[in-house]
file query.cif (mmCIF, N, CA and C atoms and all ligand atoms)
data_my_file
loop_
_atom_site.group_PDB
_atom_site.id
_atom_site.type_symbol
_atom_site.label_atom_id
_atom_site.label_comp_id
_atom_site.auth_asym_id
_atom_site.auth_seq_id
_atom_site.Cartn_x
_atom_site.Cartn_y
_atom_site.Cartn_z
ATOM 1 N N MET A 22 6.092 -6.841 -50.061
ATOM 2 C CA MET A 22 6.420 -7.535 -48.798
ATOM 3 C C MET A 22 5.206 -7.493 -47.864
ATOM 4 N N SER A 23 4.686 -8.610 -47.480
ATOM 5 C CA SER A 23 3.542 -8.649 -46.568
ATOM 6 C C SER A 23 3.989 -9.057 -45.171
ATOM 7 N N MET A 24 3.209 -8.622 -44.201
ATOM 8 C CA MET A 24 3.615 -8.834 -42.811
ATOM 9 C C MET A 24 2.454 -9.386 -41.997
ATOM 10 N N SER A 25 2.712 -10.328 -41.128
ATOM 11 C CA SER A 25 1.715 -10.759 -40.165
ATOM 12 C C SER A 25 2.424 -11.155 -38.887
ATOM 13 N N GLU A 26 1.914 -10.685 -37.765
ATOM 14 C CA GLU A 26 2.543 -10.943 -36.472
ATOM 15 C C GLU A 26 4.025 -10.588 -36.559
ATOM 16 N N ASN A 27 4.891 -11.498 -36.125
ATOM 17 C CA ASN A 27 6.320 -11.231 -36.189
ATOM 18 C C ASN A 27 6.981 -11.973 -37.339
ATOM 19 N N LYS A 28 6.192 -12.201 -38.405
ATOM 20 C CA LYS A 28 6.736 -12.889 -39.573
ATOM 21 C C LYS A 28 6.757 -11.914 -40.746
ATOM 22 N N VAL A 29 7.714 -12.127 -41.620
ATOM 23 C CA VAL A 29 7.789 -11.304 -42.813
ATOM 24 C C VAL A 29 8.002 -12.251 -43.989
ATOM 25 N N HIS A 30 7.427 -11.879 -45.137
ATOM 26 C CA HIS A 30 7.697 -12.695 -46.324
ATOM 27 C C HIS A 30 8.816 -12.043 -47.116
ATOM 28 N N CYS A 31 9.998 -12.626 -47.009
ATOM 29 C CA CYS A 31 11.173 -12.103 -47.702
ATOM 30 C C CYS A 31 11.189 -12.631 -49.124
ATOM 31 N N GLN A 32 11.530 -11.754 -50.077
ATOM 32 C CA GLN A 32 11.563 -12.170 -51.484
ATOM 33 C C GLN A 32 12.643 -13.207 -51.733
ATOM 34 N N ILE A 33 13.661 -13.210 -50.910
ATOM 35 C CA ILE A 33 14.752 -14.171 -51.084
ATOM 36 C C ILE A 33 14.528 -15.430 -50.237
ATOM 37 N N HIS A 34 14.157 -15.228 -48.983
ATOM 38 C CA HIS A 34 14.150 -16.344 -48.022
ATOM 39 C C HIS A 34 12.770 -16.881 -47.681
ATOM 40 N N GLY A 35 11.702 -16.288 -48.221
ATOM 41 C CA GLY A 35 10.357 -16.767 -47.885
ATOM 42 C C GLY A 35 9.920 -16.284 -46.518
ATOM 43 N N GLU A 36 9.006 -17.025 -45.889
ATOM 44 C CA GLU A 36 8.491 -16.572 -44.600
ATOM 45 C C GLU A 36 9.540 -16.753 -43.507
ATOM 46 N N GLN A 37 9.823 -15.643 -42.805
ATOM 47 C CA GLN A 37 10.887 -15.625 -41.802
ATOM 48 C C GLN A 37 10.452 -14.777 -40.624
ATOM 49 N N ASP A 38 11.162 -14.949 -39.501
ATOM 50 C CA ASP A 38 10.973 -14.027 -38.386
ATOM 51 C C ASP A 38 11.475 -12.646 -38.781
ATOM 52 N N ILE A 39 10.881 -11.627 -38.161
ATOM 53 C CA ILE A 39 11.239 -10.244 -38.454
ATOM 54 C C ILE A 39 12.532 -9.839 -37.749
ATOM 55 N N ALA A 40 13.344 -9.065 -38.424
ATOM 56 C CA ALA A 40 14.487 -8.404 -37.803
ATOM 57 C C ALA A 40 14.494 -6.963 -38.307
ATOM 58 N N LEU A 41 14.912 -6.027 -37.465
ATOM 59 C CA LEU A 41 14.945 -4.624 -37.873
ATOM 60 C C LEU A 41 16.380 -4.169 -38.095
ATOM 61 N N MET A 42 16.578 -3.469 -39.209
ATOM 62 C CA MET A 42 17.892 -2.901 -39.516
ATOM 63 C C MET A 42 17.709 -1.492 -40.047
ATOM 64 N N CYS A 43 18.733 -0.660 -39.888
ATOM 65 C CA CYS A 43 18.668 0.668 -40.497
ATOM 66 C C CYS A 43 18.744 0.512 -42.016
ATOM 67 N N SER A 44 18.261 1.524 -42.726
ATOM 68 C CA SER A 44 18.165 1.424 -44.184
ATOM 69 C C SER A 44 19.538 1.209 -44.831
ATOM 70 N N HIS A 45 20.575 1.770 -44.210
ATOM 71 C CA HIS A 45 21.934 1.624 -44.778
ATOM 72 C C HIS A 45 22.381 0.164 -44.764
ATOM 73 N N LEU A 46 22.069 -0.531 -43.664
ATOM 74 C CA LEU A 46 22.448 -1.941 -43.579
ATOM 75 C C LEU A 46 21.669 -2.773 -44.598
ATOM 76 N N ILE A 47 20.385 -2.465 -44.730
ATOM 77 C CA ILE A 47 19.580 -3.204 -45.693
ATOM 78 C C ILE A 47 20.138 -2.999 -47.097
ATOM 79 N N GLU A 48 20.514 -1.753 -47.412
ATOM 80 C CA GLU A 48 21.077 -1.478 -48.735
ATOM 81 C C GLU A 48 22.430 -2.164 -48.913
ATOM 82 N N SER A 49 23.178 -2.308 -47.812
ATOM 83 C CA SER A 49 24.520 -2.898 -47.901
ATOM 84 C C SER A 49 24.466 -4.376 -48.277
ATOM 85 N N ILE A 50 23.324 -5.029 -47.998
ATOM 86 C CA ILE A 50 23.205 -6.450 -48.343
ATOM 87 C C ILE A 50 23.381 -6.608 -49.850
ATOM 88 N N GLU A 51 22.782 -5.701 -50.623
ATOM 89 C CA GLU A 51 22.914 -5.786 -52.075
ATOM 90 C C GLU A 51 24.190 -5.160 -52.591
ATOM 91 N N SER A 52 24.553 -4.014 -52.004
ATOM 92 C CA SER A 52 25.706 -3.281 -52.542
ATOM 93 C C SER A 52 27.031 -3.893 -52.094
ATOM 94 N N GLY A 53 27.022 -4.620 -50.953
ATOM 95 C CA GLY A 53 28.251 -5.177 -50.417
ATOM 96 C C GLY A 53 29.135 -4.136 -49.753
ATOM 97 N N LYS A 54 28.621 -2.920 -49.622
ATOM 98 C CA LYS A 54 29.378 -1.825 -49.028
ATOM 99 C C LYS A 54 29.627 -2.083 -47.543
ATOM 100 N N HIS A 55 30.804 -1.702 -47.048
ATOM 101 C CA HIS A 55 31.102 -1.873 -45.636
ATOM 102 C C HIS A 55 30.609 -0.669 -44.851
ATOM 103 N N VAL A 56 29.586 -0.870 -44.044
ATOM 104 C CA VAL A 56 28.986 0.251 -43.314
ATOM 105 C C VAL A 56 29.071 0.066 -41.801
ATOM 106 N N GLY A 57 29.599 -1.094 -41.357
ATOM 107 C CA GLY A 57 29.672 -1.365 -39.925
ATOM 108 C C GLY A 57 28.391 -2.023 -39.432
ATOM 109 N N PHE A 58 28.466 -2.635 -38.245
ATOM 110 C CA PHE A 58 27.307 -3.387 -37.741
ATOM 111 C C PHE A 58 27.242 -3.247 -36.224
ATOM 112 N N PHE A 59 26.175 -2.626 -35.744
ATOM 113 C CA PHE A 59 25.982 -2.424 -34.301
ATOM 114 C C PHE A 59 24.616 -2.963 -33.917
ATOM 115 N N THR A 60 24.525 -3.550 -32.723
ATOM 116 C CA THR A 60 23.228 -4.086 -32.286
ATOM 117 C C THR A 60 22.988 -3.796 -30.819
ATOM 118 N N GLU A 61 21.727 -3.822 -30.474
ATOM 119 C CA GLU A 61 21.354 -3.839 -29.070
ATOM 120 C C GLU A 61 20.151 -4.753 -28.955
ATOM 121 N N ASP A 62 20.195 -5.674 -28.016
ATOM 122 C CA ASP A 62 19.148 -6.684 -27.933
ATOM 123 C C ASP A 62 17.892 -6.132 -27.278
ATOM 124 N N SER A 63 16.826 -6.029 -28.084
ATOM 125 C CA SER A 63 15.554 -5.569 -27.521
ATOM 126 C C SER A 63 14.767 -6.752 -26.967
ATOM 127 N N GLY A 64 15.168 -7.966 -27.353
ATOM 128 C CA GLY A 64 14.615 -9.165 -26.755
ATOM 129 C C GLY A 64 13.264 -9.615 -27.277
ATOM 130 N N ASP A 65 12.575 -8.769 -28.060
ATOM 131 C CA ASP A 65 11.223 -9.138 -28.462
ATOM 132 C C ASP A 65 11.122 -9.595 -29.912
ATOM 133 N N LEU A 66 12.228 -9.602 -30.618
ATOM 134 C CA LEU A 66 12.208 -10.067 -32.000
ATOM 135 C C LEU A 66 13.239 -11.176 -32.171
ATOM 136 N N GLY A 67 13.238 -11.786 -33.334
ATOM 137 C CA GLY A 67 14.135 -12.906 -33.594
ATOM 138 C C GLY A 67 15.603 -12.524 -33.550
ATOM 139 N N ARG A 68 15.891 -11.256 -33.867
ATOM 140 C CA ARG A 68 17.267 -10.759 -33.827
ATOM 141 C C ARG A 68 17.249 -9.393 -33.167
ATOM 142 N N PRO A 69 18.387 -8.984 -32.569
ATOM 143 C CA PRO A 69 18.450 -7.614 -32.047
ATOM 144 C C PRO A 69 18.347 -6.608 -33.184
ATOM 145 N N ASP A 70 17.851 -5.409 -32.896
ATOM 146 C CA ASP A 70 17.883 -4.342 -33.890
ATOM 147 C C ASP A 70 19.340 -4.088 -34.278
ATOM 148 N N ALA A 71 19.561 -3.738 -35.538
ATOM 149 C CA ALA A 71 20.930 -3.519 -36.007
ATOM 150 C C ALA A 71 21.013 -2.216 -36.788
ATOM 151 N N TRP A 72 22.159 -1.539 -36.660
ATOM 152 C CA TRP A 72 22.349 -0.289 -37.386
ATOM 153 C C TRP A 72 23.819 -0.141 -37.763
ATOM 154 N N CYS A 73 24.108 0.825 -38.624
ATOM 155 C CA CYS A 73 25.449 0.958 -39.180
ATOM 156 C C CYS A 73 26.276 1.978 -38.395
ATOM 157 N N LYS A 74 27.528 2.117 -38.805
ATOM 158 C CA LYS A 74 28.455 3.017 -38.134
ATOM 159 C C LYS A 74 27.996 4.471 -38.207
ATOM 160 N N SER A 75 27.496 4.904 -39.350
ATOM 161 C CA SER A 75 27.098 6.313 -39.468
ATOM 162 C C SER A 75 25.927 6.610 -38.542
ATOM 163 N N CYS A 76 25.020 5.638 -38.369
ATOM 164 C CA CYS A 76 23.909 5.817 -37.440
ATOM 165 C C CYS A 76 24.438 5.834 -36.006
ATOM 166 N N GLU A 77 25.372 4.935 -35.717
ATOM 167 C CA GLU A 77 25.982 4.897 -34.377
ATOM 168 C C GLU A 77 26.649 6.244 -34.071
ATOM 169 N N ASP A 78 27.347 6.796 -35.072
ATOM 170 C CA ASP A 78 28.069 8.054 -34.875
ATOM 171 C C ASP A 78 27.137 9.245 -34.666
ATOM 172 N N SER A 79 25.875 9.105 -35.091
ATOM 173 C CA SER A 79 24.933 10.221 -34.936
ATOM 174 C C SER A 79 24.343 10.273 -33.534
ATOM 175 N N TRP A 80 24.550 9.206 -32.754
ATOM 176 C CA TRP A 80 23.953 9.100 -31.414
ATOM 177 C C TRP A 80 24.267 10.296 -30.507
ATOM 178 N N PRO A 81 25.521 10.775 -30.431
ATOM 179 C CA PRO A 81 25.809 11.906 -29.523
ATOM 180 C C PRO A 81 25.009 13.166 -29.849
ATOM 181 N N ASN A 82 24.545 13.311 -31.102
ATOM 182 C CA ASN A 82 23.767 14.495 -31.477
ATOM 183 C C ASN A 82 22.398 14.529 -30.816
ATOM 184 N N TYR A 83 21.979 13.396 -30.246
ATOM 185 C CA TYR A 83 20.612 13.315 -29.721
ATOM 186 C C TYR A 83 20.532 13.490 -28.206
ATOM 187 N N ASN A 84 21.664 13.799 -27.584
ATOM 188 C CA ASN A 84 21.694 14.082 -26.147
ATOM 189 C C ASN A 84 20.937 13.049 -25.314
ATOM 190 N N GLY A 85 21.116 11.792 -25.647
ATOM 191 C CA GLY A 85 20.495 10.736 -24.864
ATOM 192 C C GLY A 85 19.029 10.488 -25.161
ATOM 193 N N ASP A 86 18.473 11.186 -26.151
ATOM 194 C CA ASP A 86 17.069 10.981 -26.510
ATOM 195 C C ASP A 86 16.963 9.778 -27.450
ATOM 196 N N SER A 87 16.864 8.588 -26.859
ATOM 197 C CA SER A 87 16.940 7.376 -27.670
ATOM 198 C C SER A 87 15.737 7.237 -28.598
ATOM 199 N N ALA A 88 14.580 7.769 -28.209
ATOM 200 C CA ALA A 88 13.396 7.673 -29.077
ATOM 201 C C ALA A 88 13.618 8.462 -30.365
ATOM 202 N N ALA A 89 14.143 9.689 -30.226
ATOM 203 C CA ALA A 89 14.397 10.524 -31.406
ATOM 204 C C ALA A 89 15.482 9.902 -32.271
ATOM 205 N N TRP A 90 16.488 9.368 -31.618
ATOM 206 C CA TRP A 90 17.586 8.750 -32.368
ATOM 207 C C TRP A 90 17.090 7.534 -33.138
ATOM 208 N N THR A 91 16.337 6.678 -32.453
ATOM 209 C CA THR A 91 15.805 5.476 -33.093
ATOM 210 C C THR A 91 14.958 5.847 -34.296
ATOM 211 N N GLU A 92 14.168 6.918 -34.143
ATOM 212 C CA GLU A 92 13.327 7.344 -35.255
ATOM 213 C C GLU A 92 14.182 7.813 -36.429
ATOM 214 N N SER A 93 15.274 8.507 -36.121
ATOM 215 C CA SER A 93 16.145 9.030 -37.182
ATOM 216 C C SER A 93 16.796 7.912 -37.987
ATOM 217 N N LEU A 94 16.956 6.749 -37.365
ATOM 218 C CA LEU A 94 17.614 5.642 -38.051
ATOM 219 C C LEU A 94 16.753 5.069 -39.164
ATOM 220 N N GLY A 95 15.448 5.275 -39.088
ATOM 221 C CA GLY A 95 14.561 4.773 -40.135
ATOM 222 C C GLY A 95 14.637 3.266 -40.270
ATOM 223 N N PHE A 96 14.507 2.579 -39.155
ATOM 224 C CA PHE A 96 14.552 1.118 -39.196
ATOM 225 C C PHE A 96 13.569 0.566 -40.207
ATOM 226 N N ARG A 97 14.004 -0.437 -40.913
ATOM 227 C CA ARG A 97 13.132 -1.119 -41.846
ATOM 228 C C ARG A 97 13.064 -2.587 -41.494
ATOM 229 N N VAL A 98 11.947 -3.186 -41.843
ATOM 230 C CA VAL A 98 11.740 -4.598 -41.559
ATOM 231 C C VAL A 98 12.517 -5.446 -42.558
ATOM 232 N N ALA A 99 13.277 -6.369 -42.025
ATOM 233 C CA ALA A 99 13.970 -7.331 -42.871
ATOM 234 C C ALA A 99 13.733 -8.718 -42.273
ATOM 235 N N CYS A 100 14.156 -9.746 -42.941
ATOM 236 C CA CYS A 100 14.001 -11.081 -42.379
ATOM 237 C C CYS A 100 15.273 -11.464 -41.636
ATOM 238 N N CYS A 101 15.151 -12.470 -40.755
ATOM 239 C CA CYS A 101 16.284 -12.906 -39.938
ATOM 240 C C CYS A 101 17.461 -13.368 -40.783
ATOM 241 N N SER A 102 17.166 -14.026 -41.898
ATOM 242 C CA SER A 102 18.253 -14.530 -42.737
ATOM 243 C C SER A 102 19.006 -13.381 -43.394
ATOM 244 N N CYS A 103 18.272 -12.326 -43.791
ATOM 245 C CA CYS A 103 18.939 -11.149 -44.346
ATOM 246 C C CYS A 103 19.793 -10.477 -43.266
ATOM 247 N N TRP A 104 19.276 -10.446 -42.040
ATOM 248 C CA TRP A 104 20.030 -9.896 -40.892
ATOM 249 C C TRP A 104 21.335 -10.654 -40.747
ATOM 250 N N ASP A 105 21.257 -11.993 -40.812
ATOM 251 C CA ASP A 105 22.456 -12.821 -40.669
ATOM 252 C C ASP A 105 23.473 -12.526 -41.777
ATOM 253 N N ILE A 106 22.957 -12.327 -42.998
ATOM 254 C CA ILE A 106 23.839 -12.025 -44.130
ATOM 255 C C ILE A 106 24.538 -10.686 -43.899
ATOM 256 N N ALA A 107 23.763 -9.677 -43.470
ATOM 257 C CA ALA A 107 24.347 -8.358 -43.221
ATOM 258 C C ALA A 107 25.423 -8.446 -42.155
ATOM 259 N N LYS A 108 25.128 -9.176 -41.087
ATOM 260 C CA LYS A 108 26.105 -9.301 -40.002
ATOM 261 C C LYS A 108 27.392 -9.949 -40.494
ATOM 262 N N GLU A 109 27.246 -11.023 -41.260
ATOM 263 C CA GLU A 109 28.411 -11.729 -41.759
ATOM 264 C C GLU A 109 29.226 -10.860 -42.706
ATOM 265 N N GLN A 110 28.515 -10.129 -43.600
ATOM 266 C CA GLN A 110 29.213 -9.239 -44.549
ATOM 267 C C GLN A 110 29.997 -8.167 -43.812
ATOM 268 N N GLN A 111 29.375 -7.601 -42.782
ATOM 269 C CA GLN A 111 30.001 -6.488 -42.091
ATOM 270 C C GLN A 111 31.135 -6.955 -41.176
ATOM 271 N N ALA A 112 31.144 -8.240 -40.826
ATOM 272 C CA ALA A 112 32.179 -8.773 -39.944
ATOM 273 C C ALA A 112 33.487 -9.008 -40.688
ATOM 274 N N LYS A 113 33.432 -9.001 -42.021
ATOM 275 C CA LYS A 113 34.622 -9.276 -42.823
ATOM 276 C C LYS A 113 35.651 -8.176 -42.709
HETATM 277 ZN ZN ZN B 1 22.540 3.341 -40.798
HETATM 278 ZN ZN ZN B 2 15.688 -12.490 -46.319
#
call {"tool": "encode", "arguments": {"input": "query.cif", "output": "structure tokens"}}
result
Amino acid sequence: MSMSENKVHCQIHGEQDIALMCSHLIESIESGKHVGFFTEDSGDLGRPDAWCKSCEDSWPNYNGDSAAWTESLGFRVACCSCWDIAKEQQAK
């Protein structure tokens, strides 16, 4: 996967805008597992960052330290179309 600016080359969708998701959500795209879908709009990418229920549930452990929490989520770069697929799968 190569990256330039805010574009990513997705193996499925080709060149797309970047979206960030936690590793569990990215894995759920292939596995179809229901992991939940949470977002907060950071405004600087094509889609808001997204994470799963287990990541959301870990938030209270960080005592409001959003930087440490965000790091623990291990966000990975995905493409916008994959983000859309994850959102749709998790909405079912
Ligand atoms: Zn997660
Ligand atoms: Zn994709």
call {"tool": "atom_distance", "arguments": {"input": "query.cif", "atom1": "atom N of Glu48 of chain A", "atom2": "atom ZN of ligand ZN 2 (chain B)"}}
result
11.8 Å
call {"tool": "closest_residue", "arguments": {"input": "query.cif", "among": "A:Asp78, A:Gly85, A:Glu109, A:Leu94", "to": "His45 of chain A", "atoms": "all atoms listed in the file"}}
result
A:Leu94
call {"tool": "residues_near_ligand", "arguments": {"input": "query.cif", "ligand": "ligand ZN 1 (chain B)", "cutoff": "12 Å", "atoms": "only C-alpha atoms and all ligand atoms", "output": "PDB file with N, CA and C atoms, in the coordinates of the input"}}
result
ATOM      1  N   LEU A  41      14.912  -6.027 -37.465  1.00  0.00           N
ATOM      2  CA  LEU A  41      14.945  -4.624 -37.873  1.00  0.00           C
ATOM      3  C   LEU A  41      16.380  -4.169 -38.095  1.00  0.00           C
ATOM      4  N   MET A  42      16.578  -3.469 -39.209  1.00  0.00           N
ATOM      5  CA  MET A  42      17.892  -2.901 -39.516  1.00  0.00           C
ATOM      6  C   MET A  42      17.709  -1.492 -40.047  1.00  0.00           C
ATOM      7  N   CYS A  43      18.733  -0.660 -39.888  1.00  0.00           N
ATOM      8  CA  CYS A  43      18.668   0.668 -40.497  1.00  0.00           C
ATOM      9  C   CYS A  43      18.744   0.512 -42.016  1.00  0.00           C
ATOM     10  N   SER A  44      18.261   1.524 -42.726  1.00  0.00           N
ATOM     11  CA  SER A  44      18.165   1.424 -44.184  1.00  0.00           C
ATOM     12  C   SER A  44      19.538   1.209 -44.831  1.00  0.00           C
ATOM     13  N   HIS A  45      20.575   1.770 -44.210  1.00  0.00           N
ATOM     14  CA  HIS A  45      21.934   1.624 -44.778  1.00  0.00           C
ATOM     15  C   HIS A  45      22.381   0.164 -44.764  1.00  0.00           C
ATOM     16  N   LEU A  46      22.069  -0.531 -43.664  1.00  0.00           N
ATOM     17  CA  LEU A  46      22.448  -1.941 -43.579  1.00  0.00           C
ATOM     18  C   LEU A  46      21.669  -2.773 -44.598  1.00  0.00           C
ATOM     19  N   ILE A  47      20.385  -2.465 -44.730  1.00  0.00           N
ATOM     20  CA  ILE A  47      19.580  -3.204 -45.693  1.00  0.00           C
ATOM     21  C   ILE A  47      20.138  -2.999 -47.097  1.00  0.00           C
ATOM     22  N   GLU A  48      20.514  -1.753 -47.412  1.00  0.00           N
ATOM     23  CA  GLU A  48      21.077  -1.478 -48.735  1.00  0.00           C
ATOM     24  C   GLU A  48      22.430  -2.164 -48.913  1.00  0.00           C
ATOM     25  N   SER A  49      23.178  -2.308 -47.812  1.00  0.00           N
ATOM     26  CA  SER A  49      24.520  -2.898 -47.901  1.00  0.00           C
ATOM     27  C   SER A  49      24.466  -4.376 -48.277  1.00  0.00           C
ATOM     28  N   LYS A  54      28.621  -2.920 -49.622  1.00  0.00           N
ATOM     29  CA  LYS A  54      29.378  -1.825 -49.028  1.00  0.00           C
ATOM     30  C   LYS A  54      29.627  -2.083 -47.543  1.00  0.00           C
ATOM     31  N   HIS A  55      30.804  -1.702 -47.048  1.00  0.00           N
ATOM     32  CA  HIS A  55      31.102  -1.873 -45.636  1.00  0.00           C
ATOM     33  C   HIS A  55      30.609  -0.669 -44.851  1.00  0.00           C
ATOM     34  N   VAL A  56      29.586  -0.870 -44.044  1.00  0.00           N
ATOM     35  CA  VAL A  56      28.986   0.251 -43.314  1.00  0.00           C
ATOM     36  C   VAL A  56      29.071   0.066 -41.801  1.00  0.00           C
ATOM     37  N   GLY A  57      29.599  -1.094 -41.357  1.00  0.00           N
ATOM     38  CA  GLY A  57      29.672  -1.365 -39.925  1.00  0.00           C
ATOM     39  C   GLY A  57      28.391  -2.023 -39.432  1.00  0.00           C
ATOM     40  N   PHE A  58      28.466  -2.635 -38.245  1.00  0.00           N
ATOM     41  CA  PHE A  58      27.307  -3.387 -37.741  1.00  0.00           C
ATOM     42  C   PHE A  58      27.242  -3.247 -36.224  1.00  0.00           C
ATOM     43  N   PHE A  59      26.175  -2.626 -35.744  1.00  0.00           N
ATOM     44  CA  PHE A  59      25.982  -2.424 -34.301  1.00  0.00           C
ATOM     45  C   PHE A  59      24.616  -2.963 -33.917  1.00  0.00           C
ATOM     46  N   THR A  60      24.525  -3.550 -32.723  1.00  0.00           N
ATOM     47  CA  THR A  60      23.228  -4.086 -32.286  1.00  0.00           C
ATOM     48  C   THR A  60      22.988  -3.796 -30.819  1.00  0.00           C
ATOM     49  N   ASP A  70      17.851  -5.409 -32.896  1.00  0.00           N
ATOM     50  CA  ASP A  70      17.883  -4.342 -33.890  1.00  0.00           C
ATOM     51  C   ASP A  70      19.340  -4.088 -34.278  1.00  0.00           C
ATOM     52  N   ALA A  71      19.561  -3.738 -35.538  1.00  0.00           N
ATOM     53  CA  ALA A  71      20.930  -3.519 -36.007  1.00  0.00           C
ATOM     54  C   ALA A  71      21.013  -2.216 -36.788  1.00  0.00           C
ATOM     55  N   TRP A  72      22.159  -1.539 -36.660  1.00  0.00           N
ATOM     56  CA  TRP A  72      22.349  -0.289 -37.386  1.00  0.00           C
ATOM     57  C   TRP A  72      23.819  -0.141 -37.763  1.00  0.00           C
ATOM     58  N   CYS A  73      24.108   0.825 -38.624  1.00  0.00           N
ATOM     59  CA  CYS A  73      25.449   0.958 -39.180  1.00  0.00           C
ATOM     60  C   CYS A  73      26.276   1.978 -38.395  1.00  0.00           C
ATOM     61  N   LYS A  74      27.528   2.117 -38.805  1.00  0.00           N
ATOM     62  CA  LYS A  74      28.455   3.017 -38.134  1.00  0.00           C
ATOM     63  C   LYS A  74      27.996   4.471 -38.207  1.00  0.00           C
ATOM     64  N   SER A  75      27.496   4.904 -39.350  1.00  0.00           N
ATOM     65  CA  SER A  75      27.098   6.313 -39.468  1.00  0.00           C
ATOM     66  C   SER A  75      25.927   6.610 -38.542  1.00  0.00           C
ATOM     67  N   CYS A  76      25.020   5.638 -38.369  1.00  0.00           N
ATOM     68  CA  CYS A  76      23.909   5.817 -37.440  1.00  0.00           C
ATOM     69  C   CYS A  76      24.438   5.834 -36.006  1.00  0.00           C
ATOM     70  N   GLU A  77      25.372   4.935 -35.717  1.00  0.00           N
ATOM     71  CA  GLU A  77      25.982   4.897 -34.377  1.00  0.00           C
ATOM     72  C   GLU A  77      26.649   6.244 -34.071  1.00  0.00           C
ATOM     73  N   ASP A  78      27.347   6.796 -35.072  1.00  0.00           N
ATOM     74  CA  ASP A  78      28.069   8.054 -34.875  1.00  0.00           C
ATOM     75  C   ASP A  78      27.137   9.245 -34.666  1.00  0.00           C
ATOM     76  N   SER A  79      25.875   9.105 -35.091  1.00  0.00           N
ATOM     77  CA  SER A  79      24.933  10.221 -34.936  1.00  0.00           C
ATOM     78  C   SER A  79      24.343  10.273 -33.534  1.00  0.00           C
ATOM     79  N   TRP A  80      24.550   9.206 -32.754  1.00  0.00           N
ATOM     80  CA  TRP A  80      23.953   9.100 -31.414  1.00  0.00           C
ATOM     81  C   TRP A  80      24.267  10.296 -30.507  1.00  0.00           C
ATOM     82  N   TRP A  90      16.488   9.368 -31.618  1.00  0.00           N
ATOM     83  CA  TRP A  90      17.586   8.750 -32.368  1.00  0.00           C
ATOM     84  C   TRP A  90      17.090   7.534 -33.138  1.00  0.00           C
ATOM     85  N   THR A  91      16.337   6.678 -32.453  1.00  0.00           N
ATOM     86  CA  THR A  91      15.805   5.476 -33.093  1.00  0.00           C
ATOM     87  C   THR A  91      14.958   5.847 -34.296  1.00  0.00           C
ATOM     88  N   GLU A  92      14.168   6.918 -34.143  1.00  0.00           N
ATOM     89  CA  GLU A  92      13.327   7.344 -35.255  1.00  0.00           C
ATOM     90  C   GLU A  92      14.182   7.813 -36.429  1.00  0.00           C
ATOM     91  N   SER A  93      15.274   8.507 -36.121  1.00  0.00           N
ATOM     92  CA  SER A  93      16.145   9.030 -37.182  1.00  0.00           C
ATOM     93  C   SER A  93      16.796   7.912 -37.987  1.00  0.00           C
ATOM     94  N   LEU A  94      16.956   6.749 -37.365  1.00  0.00           N
ATOM     95  CA  LEU A  94      17.614   5.642 -38.051  1.00  0.00           C
ATOM     96  C   LEU A  94      16.753   5.069 -39.164  1.00  0.00           C
ATOM     97  N   GLY A  95      15.448   5.275 -39.088  1.00  0.00           N
ATOM     98  CA  GLY A  95      14.561   4.773 -40.135  1.00  0.00           C
ATOM     99  C   GLY A  95      14.637   3.266 -40.270  1.00  0.00           C
ATOM    100  N   PHE A  96      14.507   2.579 -39.155  1.00  0.00           N
ATOM    101  CA  PHE A  96      14.552   1.118 -39.196  1.00  0.00           C
ATOM    102  C   PHE A  96      13.569   0.566 -40.207  1.00  0.00           C
ATOM    103  N   ARG A  97      14.004  -0.437 -40.913  1.00  0.00           N
ATOM    104  CA  ARG A  97      13.132  -1.119 -41.846  1.00  0.00           C
ATOM    105  C   ARG A  97      13.064  -2.587 -41.494  1.00  0.00           C
TER     106      ARG A  97
END
call {"tool": "closest_residue", "arguments": {"input": "query.cif", "among": "A:Gln37, A:Ser52, A:Ser87, A:Asn27", "to": "ligand ZN 2 (chain B)", "atoms": "only C-alpha atoms and all ligand atoms"}}
result
A:Gln37
call {"tool": "resolve_selection", "arguments": {"input": "query.cif", "expression": "the PyMOL selection byres (((not hetatm)) within 6 of (chain B and resi 2))", "output": "PyMOL selection string"}}
result
chain A and resi 31-35+99-104
call {"tool": "select_by_dssp", "arguments": {"input": "query.cif", "residues": "chain A", "states": "strand (DSSP E or B)", "output": "JSON, numbers by chain"}}
result
{"A": [24, 25, 28, 29, 30, 31, 35, 36, 37, 38, 39, 40, 41, 42, 59, 60, 61, 70, 71, 72, 97, 98, 99, 100]}
call {"tool": "atom_distance", "arguments": {"input": "query.cif", "atom1": "atom C of Asp105 of chain A", "atom2": "atom C of Glu26 of chain A"}}
result
20.2 Å
call {"tool": "atom_distance", "arguments": {"input": "query.cif", "atom1": "atom C of Asp86 of chain A", "atom2": "atom N of Glu61 of chain A"}}
result
14.7 Å
call {"tool": "closest_residue", "arguments": {"input": "query.cif", "among": "A:Pro81, A:Ala89, A:Ala40, A:Ile50", "to": "Pro69 of chain A", "atoms": "all atoms listed in the file"}}
result
A:Ala40
call {"tool": "axis_aligned_box", "arguments": {"input": "query.cif", "around": "segment 33-40 of chain A", "padding_each_side": "5 Å", "output": "lines of an AutoDock Vina configuration file"}}
result
center_x = 11.6
center_y = -12.0
center_z = -44.4
size_x = 16.3
size_y = 20.1
size_z = 23.3
call {"tool": "select_by_dssp", "arguments": {"input": "query.cif", "residues": "segment 38-80 of chain A", "states": "helix (DSSP H, G or I)", "output": "PyMOL selection string"}}
result
chain A and resi 44-52+74-80
call {"tool": "closest_residue", "arguments": {"input": "query.cif", "among": "A:Tyr83, A:Val98, A:Arg68, A:Ala88", "to": "Val29 of chain A", "atoms": "only C-alpha atoms"}}
result
A:Val98
call {"tool": "decode", "arguments": {"input": "query.cif", "residues": "segment 52-62 of chain A", "atoms": "C-alpha atoms", "output": "compact mmCIF listing (two decimals), in the first residue's frame"}}
result
# COMPACT_ATOMS: atom_id res chain seq x y z
CA SER A 52 -14.31 -11.24 8.54
CA GLY A 53 -17.80 -9.71 8.57
CA LYS A 54 -17.65 -9.77 12.37
CA HIS A 55 -19.90 -7.31 14.21
CA VAL A 56 -17.62 -5.07 16.24
CA GLY A 57 -19.63 -1.83 16.39
CA PHE A 58 -18.89 1.51 14.72
CA PHE A 59 -18.04 4.79 16.45
CA THR A 60 -16.77 8.01 14.89
CA GLU A 61 -15.70 11.48 15.73
CA ASP A 62 -15.22 14.05 13.00
